[in-house]
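Data file: upload13.txt. Format and content: compact mmCIF, C-alpha atoms.
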```txt
# COMPACT_ATOMS: atom_id res chain seq x y z
CA MET E 1 -27.87 34.94 35.05
CA ASP E 2 -28.13 31.50 36.62
CA ASN E 3 -25.46 29.37 38.24
CA GLU E 4 -24.69 27.48 35.08
CA SER E 5 -23.94 30.59 33.06
CA LEU E 6 -21.59 31.84 35.79
CA MET E 7 -19.54 28.73 35.47
CA LEU E 8 -19.43 28.07 31.76
CA THR E 9 -17.23 29.54 29.05
CA ILE E 10 -18.44 29.30 25.46
CA ALA E 11 -15.98 29.53 22.57
CA VAL E 12 -17.43 30.76 19.29
CA LEU E 13 -15.01 29.68 16.55
CA GLY E 14 -15.39 31.83 13.47
CA GLY E 15 -16.99 34.26 15.87
CA THR E 16 -15.99 37.27 13.76
CA GLY E 17 -18.58 36.25 11.14
CA LYS E 18 -22.06 37.72 11.38
CA GLU E 19 -23.76 34.60 12.72
CA GLY E 20 -21.05 33.97 15.31
CA LYS E 21 -21.10 37.56 16.44
CA GLY E 22 -24.87 37.47 16.87
CA LEU E 23 -24.75 34.29 18.98
CA ALA E 24 -21.81 35.58 21.05
CA TYR E 25 -23.78 38.76 21.74
CA ARG E 26 -26.81 36.81 22.94
CA TRP E 27 -24.81 34.52 25.23
CA ALA E 28 -22.72 37.34 26.69
CA LYS E 29 -25.97 39.19 27.37
CA ALA E 30 -27.28 36.11 29.19
CA GLY E 31 -24.23 36.10 31.46
CA TYR E 32 -21.99 33.49 29.91
CA ARG E 33 -18.28 34.14 29.52
CA VAL E 34 -17.64 34.15 25.77
CA LEU E 35 -14.43 33.67 23.82
CA ILE E 36 -14.49 34.84 20.21
CA GLY E 37 -12.15 32.72 18.10
CA SER E 38 -10.74 33.62 14.70
CA ARG E 39 -7.86 32.62 12.50
CA PHE E 40 -6.64 36.18 13.12
CA SER E 41 -6.79 37.12 16.78
CA GLU E 42 -6.76 40.88 16.05
CA ARG E 43 -10.11 40.57 14.27
CA ALA E 44 -11.48 38.56 17.17
CA VAL E 45 -10.33 41.24 19.62
CA THR E 46 -12.11 43.91 17.54
CA VAL E 47 -15.39 41.95 17.42
CA ALA E 48 -15.18 41.18 21.14
CA SER E 49 -14.86 44.88 21.93
CA GLU E 50 -17.77 45.69 19.58
CA ILE E 51 -19.96 43.24 21.50
CA MET E 52 -18.78 44.69 24.84
CA GLN E 53 -19.78 48.13 23.60
CA LEU E 54 -23.24 46.89 22.55
CA LEU E 55 -23.64 45.48 26.05
CA GLU E 56 -22.14 48.57 27.66
CA GLY E 57 -19.34 46.62 29.31
CA SER E 58 -21.43 44.53 31.65
CA SER E 59 -20.22 41.19 30.37
CA SER E 60 -17.16 39.14 29.55
CA VAL E 61 -16.24 38.76 25.87
CA VAL E 62 -12.63 38.13 24.88
CA GLY E 63 -11.14 37.76 21.39
CA THR E 64 -8.36 35.31 20.64
CA THR E 65 -7.32 32.59 18.17
CA ASN E 66 -9.61 29.66 17.39
CA LEU E 67 -7.18 27.30 19.14
CA GLU E 68 -6.91 29.30 22.35
CA ALA E 69 -10.66 29.82 22.43
CA ALA E 70 -11.23 26.07 22.04
CA GLN E 71 -8.65 25.26 24.73
CA GLN E 72 -9.99 27.69 27.32
CA SER E 73 -13.71 26.93 27.00
CA ASP E 74 -16.23 24.37 28.24
CA ILE E 75 -18.43 24.36 25.14
CA VAL E 76 -17.31 25.07 21.57
CA VAL E 77 -19.60 26.51 18.91
CA LEU E 78 -18.58 26.40 15.27
CA THR E 79 -19.86 29.21 13.01
CA VAL E 80 -17.54 29.15 10.01
CA PRO E 81 -18.28 29.19 6.29
CA TYR E 82 -18.44 25.62 4.99
CA ALA E 83 -15.08 25.94 3.18
CA ALA E 84 -13.42 26.44 6.60
CA HIS E 85 -15.34 23.63 8.34
CA ARG E 86 -12.85 20.78 8.02
CA PRO E 87 -9.64 22.86 8.36
CA THR E 88 -10.95 24.60 11.48
CA LEU E 89 -12.02 21.35 13.15
CA GLU E 90 -8.71 19.68 12.31
CA SER E 91 -6.73 22.63 13.67
CA VAL E 92 -8.43 22.51 17.09
CA LYS E 93 -9.27 18.80 17.29
CA ASP E 94 -7.17 18.00 20.37
CA ALA E 95 -8.65 20.91 22.30
CA LEU E 96 -12.20 19.61 21.71
CA LYS E 97 -11.79 16.30 23.56
CA GLY E 98 -14.51 15.80 26.12
CA LYS E 99 -16.29 19.06 25.19
CA LEU E 100 -19.69 19.57 23.64
CA VAL E 101 -19.26 20.87 20.09
CA ILE E 102 -22.21 22.73 18.59
CA ASP E 103 -21.96 22.89 14.82
CA ALA E 104 -23.87 25.74 13.17
CA THR E 105 -22.27 25.24 9.77
CA VAL E 106 -24.46 25.22 6.66
CA PRO E 107 -22.83 23.17 3.88
CA LEU E 108 -23.84 25.40 0.96
CA VAL E 109 -22.18 24.76 -2.40
CA PRO E 110 -22.09 28.03 -4.40
CA PRO E 111 -23.39 29.06 -6.82
CA LYS E 112 -26.41 26.70 -6.40
CA VAL E 113 -27.16 27.65 -2.80
CA THR E 114 -30.89 26.98 -3.21
CA LYS E 115 -30.17 23.30 -3.84
CA VAL E 116 -29.45 20.92 -0.95
CA GLN E 117 -25.98 19.47 -1.55
CA MET E 118 -24.68 17.60 1.48
CA PRO E 119 -21.10 16.37 1.99
CA PRO E 120 -20.46 12.60 1.67
CA ALA E 121 -20.81 12.16 5.46
CA GLY E 122 -24.49 13.15 5.11
CA SER E 123 -24.27 16.62 6.71
CA ALA E 124 -21.71 19.03 8.11
CA ALA E 125 -22.42 17.78 11.64
CA GLN E 126 -21.82 14.16 10.63
CA GLU E 127 -18.62 15.27 8.90
CA ALA E 128 -17.58 16.86 12.20
CA LYS E 129 -18.20 13.52 13.89
CA GLU E 130 -16.02 11.77 11.31
CA ILE E 131 -13.21 14.27 11.99
CA LEU E 132 -13.51 14.32 15.79
CA GLY E 133 -14.16 10.61 16.33
CA ASP E 134 -17.05 8.46 17.42
CA ASP E 135 -16.89 9.45 21.09
CA ALA E 136 -17.25 13.18 20.33
CA GLN E 137 -20.35 14.94 21.66
CA ILE E 138 -21.74 16.94 18.75
CA ALA E 139 -24.94 18.87 18.25
CA ALA E 140 -26.15 20.78 15.20
CA ALA E 141 -28.15 23.98 15.66
CA PHE E 142 -28.57 27.66 14.72
CA GLN E 143 -28.19 27.19 10.93
CA ASN E 144 -31.34 29.10 10.11
CA ILE E 145 -31.33 32.15 12.34
CA SER E 146 -30.77 35.50 10.67
CA HIS E 147 -27.79 37.27 12.24
CA LYS E 148 -29.68 40.55 11.89
CA LEU E 149 -32.36 39.23 14.20
CA LEU E 150 -29.78 38.02 16.73
CA LEU E 151 -28.22 41.47 17.02
CA GLY E 152 -31.60 43.22 17.15
CA GLU E 153 -34.05 43.56 19.99
CA GLU E 154 -37.21 42.41 18.23
CA GLU E 155 -38.63 39.00 19.01
CA VAL E 156 -37.06 36.42 16.68
CA GLU E 157 -39.81 34.58 14.77
CA CYS E 158 -37.73 31.48 14.11
CA ASP E 159 -37.29 28.29 16.12
CA VAL E 160 -34.07 26.32 16.47
CA LEU E 161 -34.06 22.60 15.64
CA VAL E 162 -31.37 20.76 17.60
CA THR E 163 -29.95 17.40 16.54
CA GLY E 164 -27.13 15.66 18.34
CA THR E 165 -25.10 12.54 19.01
CA SER E 166 -26.80 12.00 22.37
CA LYS E 167 -29.75 13.21 24.36
CA ASP E 168 -27.30 14.96 26.74
CA ALA E 169 -25.70 16.83 23.85
CA ARG E 170 -29.15 17.95 22.65
CA HIS E 171 -30.35 18.98 26.11
CA GLU E 172 -27.20 20.99 26.89
CA THR E 173 -27.59 22.70 23.51
CA LEU E 174 -31.28 23.39 24.15
CA ARG E 175 -30.24 25.22 27.34
CA LEU E 176 -27.96 27.43 25.26
CA VAL E 177 -30.77 28.03 22.77
CA GLU E 178 -32.99 29.15 25.61
CA ALA E 179 -30.24 31.49 26.83
CA THR E 180 -30.34 33.28 23.44
CA GLY E 181 -34.06 33.94 23.92
CA LEU E 182 -35.08 31.59 21.13
CA THR E 183 -37.25 28.47 21.26
CA GLY E 184 -35.42 25.22 20.58
CA TRP E 185 -36.71 21.72 19.84
CA ASP E 186 -35.11 18.29 20.19
CA ALA E 187 -35.00 17.24 16.53
CA GLY E 188 -33.48 13.83 17.13
CA PRO E 189 -30.24 12.03 16.31
CA ILE E 190 -27.27 13.50 14.47
CA GLU E 191 -28.43 11.75 11.26
CA ASN E 192 -31.34 14.24 11.18
CA SER E 193 -28.88 17.12 10.66
CA VAL E 194 -29.48 16.83 6.91
CA VAL E 195 -32.95 18.25 7.56
CA VAL E 196 -31.91 21.22 9.69
CA GLU E 197 -28.87 22.06 7.56
CA GLY E 198 -30.75 21.48 4.30
CA LEU E 199 -33.56 23.71 5.50
CA ALA E 200 -31.15 26.61 4.93
CA SER E 201 -31.30 26.03 1.15
CA VAL E 202 -35.10 25.74 1.31
CA LEU E 203 -35.34 29.05 3.20
CA ILE E 204 -32.91 30.75 0.79
CA ASN E 205 -35.14 29.56 -2.05
CA ILE E 206 -38.22 30.94 -0.30
CA ASN E 207 -36.46 34.30 0.22
CA LYS E 208 -35.63 34.35 -3.49
CA GLN E 209 -39.10 33.32 -4.71
CA TYR E 210 -41.15 35.45 -2.32
CA GLY E 211 -38.96 38.54 -1.96
CA SER E 212 -38.23 38.09 1.73
CA THR E 213 -34.87 38.41 3.48
CA HIS E 214 -35.15 36.25 6.56
CA ALA E 215 -37.62 33.41 6.10
CA GLY E 216 -37.62 31.06 9.08
CA ILE E 217 -39.70 28.25 10.57
CA LYS E 218 -41.79 27.77 13.64
CA ILE E 219 -42.95 24.46 15.07
CA THR E 220 -46.75 24.33 15.39
CA GLY E 221 -49.17 21.96 17.11
CA VAL E 222 -47.08 21.64 20.30
CA ASN E 223 -47.50 23.53 23.55
CA ARG E 224 -44.67 26.02 24.03
CA SER E 225 -43.47 25.94 27.61
CA MET G 1 -64.98 26.05 -8.04
CA ASP G 2 -62.88 27.65 -10.76
CA ASN G 3 -62.41 26.66 -14.37
CA GLU G 4 -59.31 24.64 -13.69
CA SER G 5 -60.98 22.45 -11.10
CA LEU G 6 -63.89 21.77 -13.47
CA MET G 7 -61.52 20.38 -16.03
CA LEU G 8 -59.03 18.41 -13.96
CA THR G 9 -59.24 14.92 -12.56
CA ILE G 10 -56.92 14.02 -9.69
CA ALA G 11 -56.04 10.40 -8.98
CA VAL G 12 -55.05 9.63 -5.39
CA LEU G 13 -53.16 6.33 -5.46
CA GLY G 14 -53.23 4.65 -2.08
CA GLY G 15 -56.23 6.86 -1.50
CA THR G 16 -57.78 4.44 0.98
CA GLY G 17 -55.08 5.32 3.50
CA LYS G 18 -55.75 8.11 6.00
CA GLU G 19 -53.56 10.73 4.33
CA GLY G 20 -54.91 9.99 0.85
CA LYS G 21 -58.48 10.07 2.08
CA GLY G 22 -57.92 13.43 3.75
CA LEU G 23 -56.44 14.97 0.60
CA ALA G 24 -59.14 13.45 -1.63
CA TYR G 25 -61.77 14.95 0.66
CA ARG G 26 -60.23 18.42 0.45
CA TRP G 27 -59.91 18.35 -3.35
CA ALA G 28 -63.42 16.96 -3.88
CA LYS G 29 -64.70 19.72 -1.62
CA ALA G 30 -62.85 22.28 -3.78
CA GLY G 31 -64.63 20.97 -6.89
CA TYR G 32 -62.07 18.69 -8.46
CA ARG G 33 -63.10 15.32 -9.84
CA VAL G 34 -61.24 12.77 -7.70
CA LEU G 35 -60.42 9.13 -8.38
CA ILE G 36 -59.47 7.05 -5.36
CA GLY G 37 -57.04 4.31 -6.35
CA SER G 38 -56.24 1.17 -4.41
CA ARG G 39 -54.80 -2.26 -5.03
CA PHE G 40 -58.29 -3.47 -4.17
CA SER G 41 -60.98 -1.52 -5.98
CA GLU G 42 -63.72 -2.53 -3.49
CA ARG G 43 -61.89 -0.68 -0.71
CA ALA G 44 -61.51 2.34 -2.97
CA VAL G 45 -65.24 2.29 -3.74
CA THR G 46 -66.00 2.23 0.00
CA VAL G 47 -63.71 5.17 0.76
CA ALA G 48 -65.08 7.13 -2.20
CA SER G 49 -68.62 6.72 -0.89
CA GLU G 50 -67.50 7.73 2.63
CA ILE G 51 -66.08 10.95 1.22
CA MET G 52 -69.24 11.57 -0.82
CA GLN G 53 -71.26 11.19 2.40
CA LEU G 54 -69.03 13.66 4.23
CA LEU G 55 -69.63 16.11 1.39
CA GLU G 56 -73.34 15.26 1.21
CA GLY G 57 -73.08 14.13 -2.39
CA SER G 58 -72.22 17.45 -3.98
CA SER G 59 -69.00 16.26 -5.57
CA SER G 60 -67.46 13.62 -7.75
CA VAL G 61 -65.39 10.94 -6.04
CA VAL G 62 -65.01 7.52 -7.64
CA GLY G 63 -63.13 4.48 -6.34
CA THR G 64 -61.23 2.14 -8.64
CA THR G 65 -57.87 0.38 -9.04
CA ASN G 66 -54.60 2.31 -8.89
CA LEU G 67 -54.03 1.62 -12.59
CA GLU G 68 -57.44 2.82 -13.78
CA ALA G 69 -57.20 5.87 -11.56
CA ALA G 70 -53.79 6.73 -13.02
CA GLN G 71 -55.03 6.17 -16.57
CA GLN G 72 -58.16 8.30 -16.26
CA SER G 73 -56.65 11.32 -14.50
CA ASP G 74 -54.72 14.47 -15.34
CA ILE G 75 -52.66 14.62 -12.14
CA VAL G 76 -51.58 11.67 -10.02
CA VAL G 77 -50.93 11.90 -6.28
CA LEU G 78 -49.11 9.10 -4.50
CA THR G 79 -49.99 8.50 -0.83
CA VAL G 80 -48.79 4.98 -0.14
CA PRO G 81 -46.70 3.56 2.72
CA TYR G 82 -43.04 3.57 1.73
CA ALA G 83 -42.97 -0.24 1.31
CA ALA G 84 -45.50 0.16 -1.53
CA HIS G 85 -43.74 3.11 -3.18
CA ARG G 86 -41.68 1.33 -5.82
CA PRO G 87 -44.19 -1.46 -6.63
CA THR G 88 -47.04 1.03 -7.04
CA LEU G 89 -45.02 3.32 -9.32
CA GLU G 90 -43.82 0.41 -11.42
CA SER G 91 -47.35 -0.97 -11.77
CA VAL G 92 -48.74 2.31 -13.18
CA LYS G 93 -45.62 3.69 -14.85
CA ASP G 94 -46.98 3.74 -18.41
CA ALA G 95 -50.13 5.56 -17.34
CA LEU G 96 -48.08 8.37 -15.75
CA LYS G 97 -46.40 9.53 -18.98
CA GLY G 98 -46.84 13.27 -19.47
CA LYS G 99 -48.70 13.70 -16.17
CA LEU G 100 -47.66 15.61 -13.08
CA VAL G 101 -46.94 13.14 -10.28
CA ILE G 102 -47.14 14.47 -6.73
CA ASP G 103 -45.33 12.20 -4.31
CA ALA G 104 -46.45 12.44 -0.68
CA THR G 105 -44.54 9.37 0.44
CA VAL G 106 -42.45 9.50 3.61
CA PRO G 107 -39.60 6.98 3.46
CA LEU G 108 -39.70 5.89 7.10
CA VAL G 109 -37.71 2.80 8.08
CA PRO G 110 -39.38 1.15 11.11
CA PRO G 111 -38.70 0.77 13.94
CA LYS G 112 -36.39 3.85 13.98
CA VAL G 113 -38.95 6.25 12.54
CA THR G 114 -37.48 9.23 14.43
CA LYS G 115 -34.23 8.87 12.47
CA VAL G 116 -33.93 10.20 8.92
CA GLN G 117 -33.06 7.24 6.69
CA MET G 118 -33.37 8.10 3.01
CA PRO G 119 -33.29 5.60 0.12
CA PRO G 120 -30.13 5.49 -2.05
CA ALA G 121 -31.69 7.90 -4.57
CA GLY G 122 -31.65 10.60 -1.87
CA SER G 123 -35.39 10.73 -1.14
CA ALA G 124 -38.62 8.99 -2.13
CA ALA G 125 -39.32 11.67 -4.74
CA GLN G 126 -35.91 11.20 -6.34
CA GLU G 127 -36.51 7.45 -6.31
CA ALA G 128 -39.77 8.12 -8.17
CA LYS G 129 -37.78 10.06 -10.74
CA GLU G 130 -35.39 7.15 -11.16
CA ILE G 131 -38.33 4.80 -11.74
CA LEU G 132 -40.33 7.09 -14.04
CA GLY G 133 -37.43 8.50 -16.04
CA ASP G 134 -35.68 11.84 -16.40
CA ASP G 135 -38.48 13.52 -18.34
CA ALA G 136 -41.09 12.82 -15.66
CA GLN G 137 -42.66 15.81 -13.92
CA ILE G 138 -42.52 15.09 -10.21
CA ALA G 139 -43.25 17.16 -7.14
CA ALA G 140 -42.99 16.21 -3.47
CA ALA G 141 -45.51 17.62 -0.99
CA PHE G 142 -47.98 16.88 1.84
CA GLN G 143 -45.64 14.61 3.86
CA ASN G 144 -46.19 16.46 7.09
CA ILE G 145 -49.91 17.17 7.27
CA SER G 146 -51.89 15.28 9.88
CA HIS G 147 -54.76 13.38 8.22
CA LYS G 148 -56.92 14.23 11.21
CA LEU G 149 -56.55 17.90 10.42
CA LEU G 150 -57.38 17.32 6.74
CA LEU G 151 -60.69 15.66 7.58
CA GLY G 152 -61.56 18.27 10.22
CA GLU G 153 -62.88 21.77 9.84
CA GLU G 154 -60.40 23.61 12.04
CA GLU G 155 -57.72 25.74 10.44
CA VAL G 156 -54.66 23.59 9.77
CA GLU G 157 -51.61 25.10 11.47
CA CYS G 158 -49.09 23.51 9.13
CA ASP G 159 -47.59 24.75 5.88
CA VAL G 160 -46.75 22.57 2.87
CA LEU G 161 -43.24 22.70 1.42
CA VAL G 162 -43.26 21.82 -2.29
CA THR G 163 -40.19 20.61 -4.16
CA GLY G 164 -40.24 19.52 -7.78
CA THR G 165 -38.39 18.69 -10.96
CA SER G 166 -39.40 22.00 -12.57
CA LYS G 167 -40.90 25.34 -11.66
CA ASP G 168 -44.06 24.30 -13.56
CA ALA G 169 -44.37 21.13 -11.50
CA ARG G 170 -44.02 23.15 -8.29
CA HIS G 171 -46.49 25.85 -9.38
CA GLU G 172 -49.15 23.35 -10.45
CA THR G 173 -48.70 21.59 -7.12
CA LEU G 174 -48.92 24.88 -5.22
CA ARG G 175 -52.33 25.44 -6.87
CA LEU G 176 -53.47 22.08 -5.52
CA VAL G 177 -52.12 22.97 -2.07
CA GLU G 178 -54.14 26.17 -2.17
CA ALA G 179 -57.23 24.18 -3.15
CA THR G 180 -56.91 22.15 0.08
CA GLY G 181 -57.01 25.39 2.10
CA LEU G 182 -53.39 25.10 3.21
CA THR G 183 -50.48 27.46 2.58
CA GLY G 184 -47.77 26.09 0.29
CA TRP G 185 -44.23 27.29 -0.42
CA ASP G 186 -41.89 26.71 -3.34
CA ALA G 187 -39.10 24.81 -1.55
CA GLY G 188 -36.87 24.40 -4.61
CA PRO G 189 -35.56 21.56 -6.76
CA ILE G 190 -36.37 17.89 -6.31
CA GLU G 191 -33.01 17.40 -4.55
CA ASN G 192 -34.48 19.36 -1.63
CA SER G 193 -37.04 16.59 -1.03
CA VAL G 194 -34.71 15.11 1.59
CA VAL G 195 -35.57 18.11 3.77
CA VAL G 196 -39.35 17.92 3.42
CA GLU G 197 -39.49 14.13 3.66
CA GLY G 198 -36.91 14.03 6.48
CA LEU G 199 -38.88 16.65 8.39
CA ALA G 200 -41.43 13.89 9.03
CA SER G 201 -38.93 12.07 11.28
CA VAL G 202 -38.06 15.34 13.02
CA LEU G 203 -41.75 16.02 13.71
CA ILE G 204 -42.34 12.45 14.92
CA ASN G 205 -39.42 12.96 17.32
CA ILE G 206 -40.91 16.22 18.53
CA ASN G 207 -44.28 14.52 19.08
CA LYS G 208 -42.53 11.82 21.10
CA GLN G 209 -40.39 14.20 23.19
CA TYR G 210 -43.02 16.85 23.86
CA GLY G 211 -46.18 14.74 24.12
CA SER G 212 -47.90 16.21 21.07
CA THR G 213 -49.72 14.32 18.33
CA HIS G 214 -49.53 16.58 15.30
CA ALA G 215 -46.46 18.80 15.36
CA GLY G 216 -46.09 20.77 12.15
CA ILE G 217 -44.17 23.74 10.76
CA LYS G 218 -45.00 27.21 9.59
CA ILE G 219 -42.80 29.46 7.50
CA THR G 220 -42.14 32.80 9.22
CA GLY G 221 -40.65 36.09 8.09
CA VAL G 222 -42.47 36.14 4.72
CA ASN G 223 -45.68 37.93 3.84
CA ARG G 224 -48.53 35.48 3.37
CA SER G 225 -50.56 36.44 0.35
```
Show me the file's structure as structure tokens.
Amino acid sequence: MDNESLMLTIAVLGGTGKEGKGLAYRWAKAGYRVLIGSRFSERAVTVASEIMQLLEGSSSVVGTTNLEAAQQSDIVVLTVPYAAHRPTLESVKDALKGKLVIDATVPLVPPKVTKVQMPPAGSAAQEAKEILGDDAQIAAAFQNISHKLLLGEEEVECDVLVTGTSKDARHETLRLVEATGLTGWDAGPIENSVVVEGLASVLININKQYGSTHAGIKITGVNRS
Amino acid sequence: MDNESLMLTIAVLGGTGKEGKGLAYRWAKAGYRVLIGSRFSERAVTVASEIMQLLEGSSSVVGTTNLEAAQQSDIVVLTVPYAAHRPTLESVKDALKGKLVIDATVPLVPPKVTKVQMPPAGSAAQEAKEILGDDAQIAAAFQNISHKLLLGEEEVECDVLVTGTSKDARHETLRLVEATGLTGWDAGPIENSVVVEGLASVLININKQYGSTHAGIKITGVNRS
């Protein structure tokens, strides 16, 4: 637990989903104060208490509505199904002003989830930028991490590629990646989100073709610090 | 050297470039007959003899024009700079009918090569499909392999993601990946090429940010056969 984590509150909107719950668990474990947001605050309260139980009470996880979570946090992480991406962002837009928004949304279009099909903006993260405005600080990350691995104790064999609207947005996000115990990489500007979001369809295809359940990627050829 | 490699001739268009030379070397070493194509056949002849020297003569590598190489081969691999992508395809279009075309082109737009900037078709491979017609068999692969590693003897720590217009196109390409000594993965339909081509910009950014020279990726979480 470092000084930063003592000061910062992270909201996980859609935090009752599996991915959101896994990330919330990792950050709470690292000492951050975490707010689980949901459309239905009762569900968020339940998930928050489940995470507290996993951590045996030694952390701060609170469940509430998406809006309250966004209002009361320093950093907002979005882990909703793609269908809820735009409505969720529009419903909390005012509360996001001046805050780093980390978008973990994968814009899958069922039933063809093995085919990359991006929204007109180019990617979910670029769509978030369209909704929140050009001065918003947005990063895209965590699209390709299995929630089962996040809630487990084994080493996660998957790196996190981080794109973002600015170097600051990427660096702040890389600190939060590190706090989850994963290895993150600066993957460049927000326009590169098509690669990290689209990789989800590629990995789903690999799972389907090779009988795996949580294909991931690792960056090679670079010294890991 | 298996039966398939005895029968097949691979044309590497733009094979005088570093990437093309590296691939040609690997396939010649595996026993395939290789035709190096270039706009200038003298350059292709020089590169072909350089590869023959590296292999101490025990293989078949011939240099010629792009058109002759395309005409006299069973499989055509395209390793040209993006500026030459459309002109090269148009100049050999008729010779490609009924042949598998493997597109290794990375559509970088200098000077912002760390930013993903795809052509209107969605990717270079989809642009190739537009040029060659809907019945063309096209795969995209090899965009992210360092040519230095291809010409060296060390194990290459980078996997090859293969997209394609059909499962047959991807499987045939995966056989050629295997012949180079690398590990390939079926990365899904041709629409997913944006991910594998765009990954080049992500890896260039990683090289720039982390001081590496040949960042790559490996698929994790799946048994390697």
Where does region 122-223 of chain E meet region 109-124 of chain G within 7 Å, residue by residue, with the nearest atom pair and distance in Å to one decimal for each, counting all atoms listed in the file, listed by chain and rising number, as a tab-separated table?
```
residue	atom	partner	partner_atom	distance
E:Gly188	CA	G:Thr114	CA	6.7
E:Pro189	CA	G:Lys115	CA	6.4
E:Glu191	CA	G:Val116	CA	6.2
E:Asn192	CA	G:Val116	CA	5.3
```
Å distance separating CA of Gly216 (chain G) from CA of Leu161 (chain G), one decimal place: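 Answer for the CA of Gly216 (chain G) to CA of Leu161 (chain G) separation: 11.3 Å.
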Which of E:Val61, E:Leu176, E:Val12, E:Cys158 sits closest to chain G [using only C-alpha atoms]: E:Cys158
Interface residues on chain E facing chain G, 10 Å, only C-alpha atoms, written as a VMD selection string: chain E and resid 114 to 117 156 to 159 161 to 163 185 to 225
By how many Å are CA of Ala83 (chain E) and CA of Arg33 (chain E) apart? 27.8 Å
Within 12 Å of (-48.6, 23.3, -11.6) in the file's own coordinates, which protein, DNA or RNA residues have an atom, counting all atoms listed in the file? List them as a list in words. Glu4, Leu8, Asp74, Ile75, Lys99, Leu100, Val101, Ile102, Gln137, Ile138, Ala139, Val162, Thr163, Gly164, Thr165, Ser166, Lys167, Asp168, Ala169, Arg170, His171, Glu172, Thr173, Leu174, Arg175, Leu176, Val177, Glu178 and Asp186 of chain G
For region 15-19 of chain E, take all atoms listed in the file, fit an axis-aligned box around them, add 6 Å to each of the six sides, then output centre and edge lengths in Å rounded to one decimal, as AutoDock Vina command-line options.
```
--center_x -19.9 --center_y 36.0 --center_z 13.5 --size_x 19.8 --size_y 15.5 --size_z 16.7
```
Interatomic distance, CA of Thr79 (chain G) to CA of Leu149 (chain G) (Å, one decimal):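 Separating CA of Thr79 (chain G) from CA of Leu149 (chain G) is a distance of 16.1 Å.
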Proximity to Glu153 (chain E) - best of E:Leu132, E:Val45, E:Thr180, E:Leu108, all atoms listed in the file: E:Thr180
Select, counting all atoms listed in the file, all protein, DNA and RNA residues no farther than 6 Å from (-46.7, 15.1, -1.2) in file coordinates, and express the selection as a ChimeraX atom specification. /G:102-104,140-143
Closest to Val62 (chain E) among E:Lys148, E:Arg86, E:Lys18, E:Arg43, using all atoms listed in the file? E:Arg43
For Ser58 (chain E), which residue among E:Tyr25, E:Gln126, E:Leu13, E:Ile36 is the nearest when counting all atoms listed in the file?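 Closest candidate: E:Tyr25.
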Applying 8 Å and only C-alpha atoms, which residues near Leu23 (chain E) remain after dropping the ones on its own chain fewer than 4 positions away? List them as a PyMOL selection string. chain E and resi 19+27+147+150+180
Skip Glu68 (chain E) itself and residues of its chain fewer than 4 positions away, then list as a list in words all residues within 8 Å of it, counting all atoms listed in the file.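 With the cut-off at 8 Å, the set is Gly37, Thr64 and Gln72 of chain E.
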